[in-house]
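Reviewing the structure listed below.
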Amino acid sequence: MKEKGKFILGMVLGIVCTVLIFTGVYAATAATNKKTPDEQVEDSNSQDGREDSEAGNLISQNGQSVGGVKTSDLIDTKANYIMRIIDNYFLYDVTEEDYQTAIYRALMNACNDPYSCYYTEEEYASMQESTSGVYCGIGCLVQQNIKTMLIHIVRPFKNSPAEKAGIKAGDLIYKVDGEEVSGQDINLVVSKMKGEANTKVIITVYRESTGEYLDMEVTRDFVEVDTVSSERLTQDGHKLGLITILEFDEPTTKQFLTALEDLQDWGAEGIIIDLRDNGGGLLDAVTAMLDPLLPEGLSVYMQDKSGSREDYKSDAACIDLPMAVIVNGNSASASEIFAGAVQDYGVASIVGTQSFGKGIVQSVIPLGDGSAIKLTIADYYTPKGRNIHGVGITPDIVVEATENKGDKELAHEEDAQFMAAIKEVLRQIKKGASKK
């Protein structure tokens, strides 16, 4: 009986102690809630930390399944925990849309690939506009250095809002409407510069020639981009055609084929194709443009992570003219597909400096709600099986660019790379060989 009495007494004391402990915890919680937000955040035993102790235990497993909990559930748990902290203590408001966009961007950032990214509905619509050849914006060709992620103006289009505002080739884009854009995906930055006609946007540029940061107020307007221009030239009594391609967009193929046909009808004996500062564009556009230049066969092929291969081919009909293609360090992607194919078949000499070296292919995948992702999906290879990613196309004739010390474009006779291309085409004409 004494032993039984001791057991009952011990159980009662245990219950009392448990009640006291929970009372103490409740009091500590109330005291904690009276602290300033800064004190609560710094206190590792705050209420948020206790009530989410189970979440913390799950999170600490670093993505491992615990008790059958999936990795996605662990991510949701931690994300919700972080969002609650932000909502409680962050000085400014964060909307649900802000959270969602940030999460989708973070998922793409996990690829650790500068070419893969997430587009909101507005950004995707803007990107589709830019490849159609007609859009409302400031009217300039821009390019991003993937190593530094800095975006520079390749050239403002003639009579465009950008040109009228004083924006010049070589200017680095630093801010758009006061928001720093250094390091952002180029398509996102372009979407910020676009907008409704007659609206204004402040483009802050860094002009290296003067060392100045300049705020340029630009009034947006409709811009129709001619991605291809052509010129008739006469050199040493020979008729030569020059075709300059700014980028490979939807209208580019038709513009190129029209220019090529016009020069042939004029009686051009040789063709120079200028791809300098052309950052690329649509794969379908470049393969369609290669078709009349190449003999029957492979123009480029892609290979994905599973080893599956997709071939793009040209037919047997092709022109029979001496050709030179000019490239530089800003000639990338589709430009390199173009240069690599004509070089492999020997239908043109490559003149200039080493190209950029982007030998991978991206696909834009709509997500069904107006948004989309751009994802690197494959390597591409030239007809001879060369993957030039990180290497570039090595010119047959290496010629450094002439430094342009003025604000105007170089005249043809001042342009060392252009004159070298002229010389090469004349050599081919005089040799009487249209193909190597």
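Residues in the structure tokens are numbered from 1 in each chain, the chains being A, B, ... in the order shown, and ligands are numbered from 1 in the order shown.
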(request) Compile the contact shell of Asp304 in chain A as number ranges by chain: residues with an atom at most 10 Å away, counting only C-alpha atoms, same-chain residues fewer than 4 positions apart removed. (result) A: 308-310, 360-361, 376-380
(message) Need the shell around Gln362 in chain A: protein/DNA/RNA residues with any atom at most 12 Å away, counting only C-alpha atoms. Skip same-chain ones fewer than 4 positions apart. Format as a list in words?
(response) Asp113, Pro114, Tyr115, Ser116, Cys117, Gly280, Gly281, Leu282, Leu283, Met302, Gln303, Asp304, Ser333, Ala334, Lys358, Ile373, Lys374, Leu375, Thr376, Ile377, Ala378, Asp379 and Tyr380 of chain A
Go ahead and dump the residues you just picked, N, CA, C and O atoms, as a PDB file, in the first residue's frame.
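Output below, filename selection_4.pdb:
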ATOM      1  N   ASP A 113      22.211  28.863 -65.409  1.00  0.00           N
ATOM      2  CA  ASP A 113      22.421  29.050 -66.850  1.00  0.00           C
ATOM      3  C   ASP A 113      21.950  30.452 -67.220  1.00  0.00           C
ATOM      4  O   ASP A 113      20.759  30.763 -67.053  1.00  0.00           O
ATOM      5  N   PRO A 114      22.827  31.319 -67.710  1.00  0.00           N
ATOM      6  CA  PRO A 114      22.413  32.692 -68.027  1.00  0.00           C
ATOM      7  C   PRO A 114      21.381  32.781 -69.138  1.00  0.00           C
ATOM      8  O   PRO A 114      20.742  33.821 -69.307  1.00  0.00           O
ATOM      9  N   TYR A 115      21.183  31.699 -69.898  1.00  0.00           N
ATOM     10  CA  TYR A 115      20.242  31.732 -71.016  1.00  0.00           C
ATOM     11  C   TYR A 115      18.856  31.214 -70.632  1.00  0.00           C
ATOM     12  O   TYR A 115      17.927  31.302 -71.430  1.00  0.00           O
ATOM     13  N   SER A 116      18.699  30.637 -69.456  1.00  0.00           N
ATOM     14  CA  SER A 116      17.418  30.087 -69.031  1.00  0.00           C
ATOM     15  C   SER A 116      16.771  31.028 -68.018  1.00  0.00           C
ATOM     16  O   SER A 116      17.423  31.447 -67.060  1.00  0.00           O
ATOM     17  N   CYS A 117      15.492  31.364 -68.249  1.00  0.00           N
ATOM     18  CA  CYS A 117      14.839  32.326 -67.356  1.00  0.00           C
ATOM     19  C   CYS A 117      13.323  32.196 -67.445  1.00  0.00           C
ATOM     20  O   CYS A 117      12.788  31.473 -68.296  1.00  0.00           O
ATOM     21  N   GLY A 280      22.227  36.923 -82.838  1.00  0.00           N
ATOM     22  CA  GLY A 280      21.507  35.683 -83.105  1.00  0.00           C
ATOM     23  C   GLY A 280      20.025  35.902 -83.298  1.00  0.00           C
ATOM     24  O   GLY A 280      19.584  36.937 -83.792  1.00  0.00           O
ATOM     25  N   GLY A 281      19.242  34.917 -82.909  1.00  0.00           N
ATOM     26  CA  GLY A 281      17.793  34.998 -83.102  1.00  0.00           C
ATOM     27  C   GLY A 281      17.180  33.633 -83.308  1.00  0.00           C
ATOM     28  O   GLY A 281      17.532  32.668 -82.629  1.00  0.00           O
ATOM     29  N   LEU A 282      16.292  33.538 -84.275  1.00  0.00           N
ATOM     30  CA  LEU A 282      15.480  32.335 -84.472  1.00  0.00           C
ATOM     31  C   LEU A 282      16.193  31.298 -85.339  1.00  0.00           C
ATOM     32  O   LEU A 282      16.706  31.618 -86.413  1.00  0.00           O
ATOM     33  N   LEU A 283      16.185  30.053 -84.872  1.00  0.00           N
ATOM     34  CA  LEU A 283      16.835  28.962 -85.596  1.00  0.00           C
ATOM     35  C   LEU A 283      16.181  28.736 -86.953  1.00  0.00           C
ATOM     36  O   LEU A 283      16.869  28.522 -87.965  1.00  0.00           O
ATOM     37  N   MET A 302      20.967  19.512 -83.934  1.00  0.00           N
ATOM     38  CA  MET A 302      20.893  19.692 -82.484  1.00  0.00           C
ATOM     39  C   MET A 302      20.868  18.318 -81.808  1.00  0.00           C
ATOM     40  O   MET A 302      20.346  17.358 -82.375  1.00  0.00           O
ATOM     41  N   GLN A 303      21.408  18.283 -80.598  1.00  0.00           N
ATOM     42  CA  GLN A 303      21.383  17.037 -79.823  1.00  0.00           C
ATOM     43  C   GLN A 303      21.049  17.359 -78.373  1.00  0.00           C
ATOM     44  O   GLN A 303      21.698  18.208 -77.758  1.00  0.00           O
ATOM     45  N   ASP A 304      20.013  16.693 -77.830  1.00  0.00           N
ATOM     46  CA  ASP A 304      19.578  17.007 -76.470  1.00  0.00           C
ATOM     47  C   ASP A 304      20.231  16.085 -75.451  1.00  0.00           C
ATOM     48  O   ASP A 304      21.078  15.244 -75.789  1.00  0.00           O
ATOM     49  N   SER A 333      25.484  32.795 -81.582  1.00  0.00           N
ATOM     50  CA  SER A 333      24.323  31.929 -81.736  1.00  0.00           C
ATOM     51  C   SER A 333      23.966  31.696 -83.206  1.00  0.00           C
ATOM     52  O   SER A 333      24.706  31.040 -83.929  1.00  0.00           O
ATOM     53  N   ALA A 334      22.818  32.219 -83.674  1.00  0.00           N
ATOM     54  CA  ALA A 334      22.398  31.994 -85.056  1.00  0.00           C
ATOM     55  C   ALA A 334      23.429  32.517 -86.042  1.00  0.00           C
ATOM     56  O   ALA A 334      23.606  31.947 -87.131  1.00  0.00           O
ATOM     57  N   LYS A 358      28.613  30.719 -78.751  1.00  0.00           N
ATOM     58  CA  LYS A 358      27.376  30.220 -78.124  1.00  0.00           C
ATOM     59  C   LYS A 358      26.850  29.081 -78.979  1.00  0.00           C
ATOM     60  O   LYS A 358      26.221  29.289 -80.009  1.00  0.00           O
ATOM     61  N   ILE A 373       8.737  30.073 -69.967  1.00  0.00           N
ATOM     62  CA  ILE A 373      10.136  29.941 -69.571  1.00  0.00           C
ATOM     63  C   ILE A 373      10.983  29.760 -70.822  1.00  0.00           C
ATOM     64  O   ILE A 373      10.517  29.235 -71.839  1.00  0.00           O
ATOM     65  N   LYS A 374      12.204  30.239 -70.739  1.00  0.00           N
ATOM     66  CA  LYS A 374      13.197  29.965 -71.786  1.00  0.00           C
ATOM     67  C   LYS A 374      14.214  29.013 -71.191  1.00  0.00           C
ATOM     68  O   LYS A 374      14.752  29.267 -70.116  1.00  0.00           O
ATOM     69  N   LEU A 375      14.468  27.912 -71.883  1.00  0.00           N
ATOM     70  CA  LEU A 375      15.288  26.845 -71.323  1.00  0.00           C
ATOM     71  C   LEU A 375      16.297  26.347 -72.352  1.00  0.00           C
ATOM     72  O   LEU A 375      15.956  26.138 -73.517  1.00  0.00           O
ATOM     73  N   THR A 376      17.537  26.181 -71.927  1.00  0.00           N
ATOM     74  CA  THR A 376      18.546  25.573 -72.793  1.00  0.00           C
ATOM     75  C   THR A 376      18.230  24.096 -72.928  1.00  0.00           C
ATOM     76  O   THR A 376      18.169  23.368 -71.934  1.00  0.00           O
ATOM     77  N   ILE A 377      18.045  23.636 -74.172  1.00  0.00           N
ATOM     78  CA  ILE A 377      17.559  22.263 -74.374  1.00  0.00           C
ATOM     79  C   ILE A 377      18.524  21.380 -75.158  1.00  0.00           C
ATOM     80  O   ILE A 377      18.377  20.156 -75.166  1.00  0.00           O
ATOM     81  N   ALA A 378      19.502  21.988 -75.855  1.00  0.00           N
ATOM     82  CA  ALA A 378      20.346  21.147 -76.714  1.00  0.00           C
ATOM     83  C   ALA A 378      21.632  21.871 -77.086  1.00  0.00           C
ATOM     84  O   ALA A 378      21.730  23.098 -77.005  1.00  0.00           O
ATOM     85  N   ASP A 379      22.629  21.085 -77.489  1.00  0.00           N
ATOM     86  CA  ASP A 379      23.818  21.614 -78.166  1.00  0.00           C
ATOM     87  C   ASP A 379      23.520  21.664 -79.656  1.00  0.00           C
ATOM     88  O   ASP A 379      22.741  20.861 -80.168  1.00  0.00           O
ATOM     89  N   TYR A 380      24.147  22.602 -80.350  1.00  0.00           N
ATOM     90  CA  TYR A 380      24.058  22.530 -81.802  1.00  0.00           C
ATOM     91  C   TYR A 380      25.440  22.294 -82.391  1.00  0.00           C
ATOM     92  O   TYR A 380      26.452  22.644 -81.799  1.00  0.00           O
TER      93      TYR A 380
END
Find the residues near range 167-176 of chain A: any atom within 8 Å, counting only C-alpha atoms, skip ones fewer than 5 places away on the same chain, and give them as a PDB file with all heavy atoms, in the first residue's frame.
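Output contents, as saved in part23.pdb:
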ATOM      1  N   LEU A 150      26.406  42.764 -68.821  1.00  0.00           N
ATOM      2  CA  LEU A 150      26.116  44.158 -69.145  1.00  0.00           C
ATOM      3  C   LEU A 150      25.484  44.234 -70.535  1.00  0.00           C
ATOM      4  O   LEU A 150      25.865  43.504 -71.447  1.00  0.00           O
ATOM      5  CB  LEU A 150      27.390  45.001 -69.112  1.00  0.00           C
ATOM      6  CG  LEU A 150      28.072  45.126 -67.735  1.00  0.00           C
ATOM      7  CD1 LEU A 150      29.377  45.903 -67.859  1.00  0.00           C
ATOM      8  CD2 LEU A 150      27.143  45.806 -66.730  1.00  0.00           C
ATOM      9  N   ILE A 151      24.523  45.145 -70.683  1.00  0.00           N
ATOM     10  CA  ILE A 151      23.812  45.314 -71.947  1.00  0.00           C
ATOM     11  C   ILE A 151      24.261  46.620 -72.584  1.00  0.00           C
ATOM     12  O   ILE A 151      24.257  47.677 -71.933  1.00  0.00           O
ATOM     13  CB  ILE A 151      22.290  45.329 -71.722  1.00  0.00           C
ATOM     14  CG1 ILE A 151      21.846  43.992 -71.122  1.00  0.00           C
ATOM     15  CG2 ILE A 151      21.543  45.610 -73.024  1.00  0.00           C
ATOM     16  CD1 ILE A 151      20.403  43.971 -70.685  1.00  0.00           C
ATOM     17  N   HIS A 152      24.651  46.557 -73.845  1.00  0.00           N
ATOM     18  CA  HIS A 152      25.094  47.763 -74.533  1.00  0.00           C
ATOM     19  C   HIS A 152      24.273  47.994 -75.794  1.00  0.00           C
ATOM     20  O   HIS A 152      23.669  47.066 -76.347  1.00  0.00           O
ATOM     21  CB  HIS A 152      26.588  47.700 -74.876  1.00  0.00           C
ATOM     22  CG  HIS A 152      26.936  46.744 -75.965  1.00  0.00           C
ATOM     23  ND1 HIS A 152      27.145  45.392 -75.751  1.00  0.00           N
ATOM     24  CD2 HIS A 152      27.096  46.928 -77.304  1.00  0.00           C
ATOM     25  CE1 HIS A 152      27.433  44.792 -76.885  1.00  0.00           C
ATOM     26  NE2 HIS A 152      27.399  45.699 -77.855  1.00  0.00           N
ATOM     27  N   ILE A 153      24.249  49.229 -76.226  1.00  0.00           N
ATOM     28  CA  ILE A 153      23.568  49.600 -77.453  1.00  0.00           C
ATOM     29  C   ILE A 153      24.470  49.250 -78.633  1.00  0.00           C
ATOM     30  O   ILE A 153      25.583  49.767 -78.735  1.00  0.00           O
ATOM     31  CB  ILE A 153      23.246  51.110 -77.484  1.00  0.00           C
ATOM     32  CG1 ILE A 153      22.462  51.539 -76.241  1.00  0.00           C
ATOM     33  CG2 ILE A 153      22.503  51.474 -78.768  1.00  0.00           C
ATOM     34  CD1 ILE A 153      21.051  51.056 -76.177  1.00  0.00           C
ATOM     35  N   VAL A 154      24.010  48.352 -79.501  1.00  0.00           N
ATOM     36  CA  VAL A 154      24.766  48.057 -80.714  1.00  0.00           C
ATOM     37  C   VAL A 154      24.612  49.212 -81.691  1.00  0.00           C
ATOM     38  O   VAL A 154      25.582  49.725 -82.234  1.00  0.00           O
ATOM     39  CB  VAL A 154      24.286  46.740 -81.361  1.00  0.00           C
ATOM     40  CG1 VAL A 154      24.991  46.506 -82.697  1.00  0.00           C
ATOM     41  CG2 VAL A 154      24.534  45.575 -80.422  1.00  0.00           C
ATOM     42  N   ARG A 155      23.362  49.633 -81.883  1.00  0.00           N
ATOM     43  CA  ARG A 155      23.095  50.820 -82.699  1.00  0.00           C
ATOM     44  C   ARG A 155      21.647  51.243 -82.506  1.00  0.00           C
ATOM     45  O   ARG A 155      20.758  50.390 -82.393  1.00  0.00           O
ATOM     46  CB  ARG A 155      23.364  50.565 -84.181  1.00  0.00           C
ATOM     47  CG  ARG A 155      22.534  49.497 -84.813  1.00  0.00           C
ATOM     48  CD  ARG A 155      22.715  49.445 -86.345  1.00  0.00           C
ATOM     49  NE  ARG A 155      24.056  49.041 -86.692  1.00  0.00           N
ATOM     50  CZ  ARG A 155      24.437  47.768 -86.828  1.00  0.00           C
ATOM     51  NH1 ARG A 155      23.572  46.809 -86.583  1.00  0.00           N
ATOM     52  NH2 ARG A 155      25.662  47.463 -87.181  1.00  0.00           N
ATOM     53  N   PRO A 156      21.390  52.541 -82.432  1.00  0.00           N
ATOM     54  CA  PRO A 156      20.002  52.999 -82.497  1.00  0.00           C
ATOM     55  C   PRO A 156      19.554  52.977 -83.955  1.00  0.00           C
ATOM     56  O   PRO A 156      20.348  53.260 -84.856  1.00  0.00           O
ATOM     57  CB  PRO A 156      20.075  54.433 -81.959  1.00  0.00           C
ATOM     58  CG  PRO A 156      21.477  54.872 -82.206  1.00  0.00           C
ATOM     59  CD  PRO A 156      22.343  53.642 -82.186  1.00  0.00           C
ATOM     60  N   ALA A 162      15.184  56.473 -79.916  1.00  0.00           N
ATOM     61  CA  ALA A 162      16.484  56.401 -79.243  1.00  0.00           C
ATOM     62  C   ALA A 162      17.484  57.342 -79.898  1.00  0.00           C
ATOM     63  O   ALA A 162      18.221  58.072 -79.222  1.00  0.00           O
ATOM     64  CB  ALA A 162      17.009  54.971 -79.262  1.00  0.00           C
ATOM     65  N   VAL A 181      19.412  47.831 -63.964  1.00  0.00           N
ATOM     66  CA  VAL A 181      19.128  46.608 -64.731  1.00  0.00           C
ATOM     67  C   VAL A 181      20.382  45.789 -65.010  1.00  0.00           C
ATOM     68  O   VAL A 181      20.327  44.811 -65.743  1.00  0.00           O
ATOM     69  CB  VAL A 181      18.412  46.946 -66.059  1.00  0.00           C
ATOM     70  CG1 VAL A 181      17.044  47.551 -65.790  1.00  0.00           C
ATOM     71  CG2 VAL A 181      19.261  47.873 -66.917  1.00  0.00           C
ATOM     72  N   SER A 182      21.503  46.176 -64.440  1.00  0.00           N
ATOM     73  CA  SER A 182      22.749  45.420 -64.640  1.00  0.00           C
ATOM     74  C   SER A 182      22.553  43.986 -64.160  1.00  0.00           C
ATOM     75  O   SER A 182      22.101  43.749 -63.037  1.00  0.00           O
ATOM     76  CB  SER A 182      23.893  46.068 -63.856  1.00  0.00           C
ATOM     77  OG  SER A 182      24.049  47.416 -64.226  1.00  0.00           O
ATOM     78  N   VAL A 189      14.941  43.351 -69.699  1.00  0.00           N
ATOM     79  CA  VAL A 189      15.304  44.760 -69.818  1.00  0.00           C
ATOM     80  C   VAL A 189      14.609  45.384 -71.021  1.00  0.00           C
ATOM     81  O   VAL A 189      14.078  46.498 -70.940  1.00  0.00           O
ATOM     82  CB  VAL A 189      16.835  44.928 -69.923  1.00  0.00           C
ATOM     83  CG1 VAL A 189      17.204  46.396 -70.117  1.00  0.00           C
ATOM     84  CG2 VAL A 189      17.511  44.388 -68.669  1.00  0.00           C
ATOM     85  N   LYS A 192      11.085  46.273 -70.327  1.00  0.00           N
ATOM     86  CA  LYS A 192      10.937  47.497 -69.527  1.00  0.00           C
ATOM     87  C   LYS A 192      11.038  48.743 -70.407  1.00  0.00           C
ATOM     88  O   LYS A 192      10.449  49.783 -70.108  1.00  0.00           O
ATOM     89  CB  LYS A 192      11.997  47.551 -68.423  1.00  0.00           C
ATOM     90  CG  LYS A 192      11.925  46.426 -67.400  1.00  0.00           C
ATOM     91  CD  LYS A 192      13.069  46.542 -66.407  1.00  0.00           C
ATOM     92  CE  LYS A 192      13.284  45.250 -65.628  1.00  0.00           C
ATOM     93  NZ  LYS A 192      12.155  44.887 -64.792  1.00  0.00           N
ATOM     94  N   MET A 193      11.825  48.662 -71.490  1.00  0.00           N
ATOM     95  CA  MET A 193      12.003  49.819 -72.368  1.00  0.00           C
ATOM     96  C   MET A 193      10.825  49.989 -73.316  1.00  0.00           C
ATOM     97  O   MET A 193      10.612  51.073 -73.853  1.00  0.00           O
ATOM     98  CB  MET A 193      13.310  49.694 -73.157  1.00  0.00           C
ATOM     99  CG  MET A 193      14.552  49.760 -72.288  1.00  0.00           C
ATOM    100  SD  MET A 193      16.092  49.924 -73.222  1.00  0.00           S
ATOM    101  CE  MET A 193      16.231  48.307 -73.956  1.00  0.00           C
ATOM    102  N   VAL A 201      10.119  57.189 -71.176  1.00  0.00           N
ATOM    103  CA  VAL A 201      10.924  56.313 -70.339  1.00  0.00           C
ATOM    104  C   VAL A 201      12.307  56.954 -70.187  1.00  0.00           C
ATOM    105  O   VAL A 201      12.834  57.523 -71.148  1.00  0.00           O
ATOM    106  CB  VAL A 201      11.029  54.886 -70.945  1.00  0.00           C
ATOM    107  CG1 VAL A 201      11.648  54.908 -72.328  1.00  0.00           C
ATOM    108  CG2 VAL A 201      11.815  53.959 -70.031  1.00  0.00           C
ATOM    109  N   ILE A 202      12.863  56.884 -68.992  1.00  0.00           N
ATOM    110  CA  ILE A 202      14.200  57.421 -68.744  1.00  0.00           C
ATOM    111  C   ILE A 202      15.210  56.282 -68.827  1.00  0.00           C
ATOM    112  O   ILE A 202      15.155  55.327 -68.051  1.00  0.00           O
ATOM    113  CB  ILE A 202      14.308  58.099 -67.354  1.00  0.00           C
ATOM    114  CG1 ILE A 202      13.262  59.203 -67.208  1.00  0.00           C
ATOM    115  CG2 ILE A 202      15.722  58.657 -67.145  1.00  0.00           C
ATOM    116  CD1 ILE A 202      13.447  60.352 -68.159  1.00  0.00           C
ATOM    117  N   ILE A 203      16.103  56.366 -69.801  1.00  0.00           N
ATOM    118  CA  ILE A 203      17.166  55.383 -69.965  1.00  0.00           C
ATOM    119  C   ILE A 203      18.464  56.013 -69.462  1.00  0.00           C
ATOM    120  O   ILE A 203      18.919  57.015 -70.009  1.00  0.00           O
ATOM    121  CB  ILE A 203      17.341  54.959 -71.444  1.00  0.00           C
ATOM    122  CG1 ILE A 203      15.996  54.526 -72.050  1.00  0.00           C
ATOM    123  CG2 ILE A 203      18.391  53.858 -71.557  1.00  0.00           C
ATOM    124  CD1 ILE A 203      15.411  53.288 -71.445  1.00  0.00           C
ATOM    125  N   THR A 204      19.028  55.427 -68.409  1.00  0.00           N
ATOM    126  CA  THR A 204      20.307  55.909 -67.892  1.00  0.00           C
ATOM    127  C   THR A 204      21.416  55.070 -68.501  1.00  0.00           C
ATOM    128  O   THR A 204      21.425  53.846 -68.355  1.00  0.00           O
ATOM    129  CB  THR A 204      20.371  55.811 -66.356  1.00  0.00           C
ATOM    130  OG1 THR A 204      19.272  56.529 -65.802  1.00  0.00           O
ATOM    131  CG2 THR A 204      21.676  56.399 -65.828  1.00  0.00           C
ATOM    132  N   VAL A 205      22.318  55.725 -69.219  1.00  0.00           N
ATOM    133  CA  VAL A 205      23.397  55.015 -69.894  1.00  0.00           C
ATOM    134  C   VAL A 205      24.746  55.470 -69.340  1.00  0.00           C
ATOM    135  O   VAL A 205      24.883  56.583 -68.820  1.00  0.00           O
ATOM    136  CB  VAL A 205      23.368  55.242 -71.422  1.00  0.00           C
ATOM    137  CG1 VAL A 205      22.036  54.795 -72.001  1.00  0.00           C
ATOM    138  CG2 VAL A 205      23.652  56.697 -71.778  1.00  0.00           C
ATOM    139  N   TYR A 206      25.709  54.577 -69.453  1.00  0.00           N
ATOM    140  CA  TYR A 206      27.096  54.949 -69.148  1.00  0.00           C
ATOM    141  C   TYR A 206      27.832  55.051 -70.474  1.00  0.00           C
ATOM    142  O   TYR A 206      27.866  54.094 -71.253  1.00  0.00           O
ATOM    143  CB  TYR A 206      27.770  53.899 -68.264  1.00  0.00           C
ATOM    144  CG  TYR A 206      29.251  54.180 -68.052  1.00  0.00           C
ATOM    145  CD1 TYR A 206      29.669  55.238 -67.254  1.00  0.00           C
ATOM    146  CD2 TYR A 206      30.216  53.395 -68.677  1.00  0.00           C
ATOM    147  CE1 TYR A 206      31.013  55.508 -67.070  1.00  0.00           C
ATOM    148  CE2 TYR A 206      31.569  53.658 -68.500  1.00  0.00           C
ATOM    149  CZ  TYR A 206      31.953  54.722 -67.693  1.00  0.00           C
ATOM    150  OH  TYR A 206      33.285  54.992 -67.524  1.00  0.00           O
ATOM    151  N   ARG A 207      28.384  56.240 -70.728  1.00  0.00           N
ATOM    152  CA  ARG A 207      29.114  56.474 -71.975  1.00  0.00           C
ATOM    153  C   ARG A 207      30.604  56.420 -71.694  1.00  0.00           C
ATOM    154  O   ARG A 207      31.174  57.330 -71.067  1.00  0.00           O
ATOM    155  CB  ARG A 207      28.694  57.819 -72.577  1.00  0.00           C
ATOM    156  CG  ARG A 207      29.280  58.089 -73.950  1.00  0.00           C
ATOM    157  CD  ARG A 207      28.495  59.170 -74.656  1.00  0.00           C
ATOM    158  NE  ARG A 207      27.142  58.710 -74.996  1.00  0.00           N
ATOM    159  CZ  ARG A 207      26.153  59.532 -75.366  1.00  0.00           C
ATOM    160  NH1 ARG A 207      26.362  60.840 -75.444  1.00  0.00           N
ATOM    161  NH2 ARG A 207      24.970  59.045 -75.671  1.00  0.00           N
ATOM    162  N   GLU A 208      31.207  55.320 -72.125  1.00  0.00           N
ATOM    163  CA  GLU A 208      32.614  55.064 -71.789  1.00  0.00           C
ATOM    164  C   GLU A 208      33.546  56.131 -72.347  1.00  0.00           C
ATOM    165  O   GLU A 208      34.549  56.480 -71.726  1.00  0.00           O
ATOM    166  CB  GLU A 208      33.026  53.683 -72.315  1.00  0.00           C
ATOM    167  CG  GLU A 208      34.371  53.209 -71.785  1.00  0.00           C
ATOM    168  CD  GLU A 208      34.674  51.781 -72.202  1.00  0.00           C
ATOM    169  OE1 GLU A 208      33.938  51.233 -73.044  1.00  0.00           O
ATOM    170  OE2 GLU A 208      35.639  51.220 -71.678  1.00  0.00           O
ATOM    171  N   MET A 216      18.657  59.795 -70.282  1.00  0.00           N
ATOM    172  CA  MET A 216      18.087  60.126 -71.580  1.00  0.00           C
ATOM    173  C   MET A 216      16.581  59.890 -71.550  1.00  0.00           C
ATOM    174  O   MET A 216      16.127  58.760 -71.355  1.00  0.00           O
ATOM    175  CB  MET A 216      18.723  59.272 -72.681  1.00  0.00           C
ATOM    176  CG  MET A 216      20.228  59.067 -72.554  1.00  0.00           C
ATOM    177  SD  MET A 216      21.163  60.554 -72.858  1.00  0.00           S
ATOM    178  CE  MET A 216      21.410  60.409 -74.616  1.00  0.00           C
ATOM    179  N   ASP A 407      31.683  59.599 -83.658  1.00  0.00           N
ATOM    180  CA  ASP A 407      30.321  59.169 -83.364  1.00  0.00           C
ATOM    181  C   ASP A 407      29.639  58.541 -84.574  1.00  0.00           C
ATOM    182  O   ASP A 407      28.624  57.876 -84.445  1.00  0.00           O
ATOM    183  CB  ASP A 407      29.485  60.365 -82.889  1.00  0.00           C
ATOM    184  CG  ASP A 407      29.963  60.896 -81.538  1.00  0.00           C
ATOM    185  OD1 ASP A 407      30.519  60.100 -80.769  1.00  0.00           O
ATOM    186  OD2 ASP A 407      29.796  62.105 -81.280  1.00  0.00           O
TER     187      ASP A 407
END
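Note that the spacing between CA of Gly183 in chain A and CA of Gln143 in chain A amounts to 12.4 Å.
Between Ile326 in chain A and the candidates A:Gly195, A:Gly432, A:Gly307, A:Pro395, the tightest atom-to-atom separation, counting only C-alpha atoms, involves A:Pro395.
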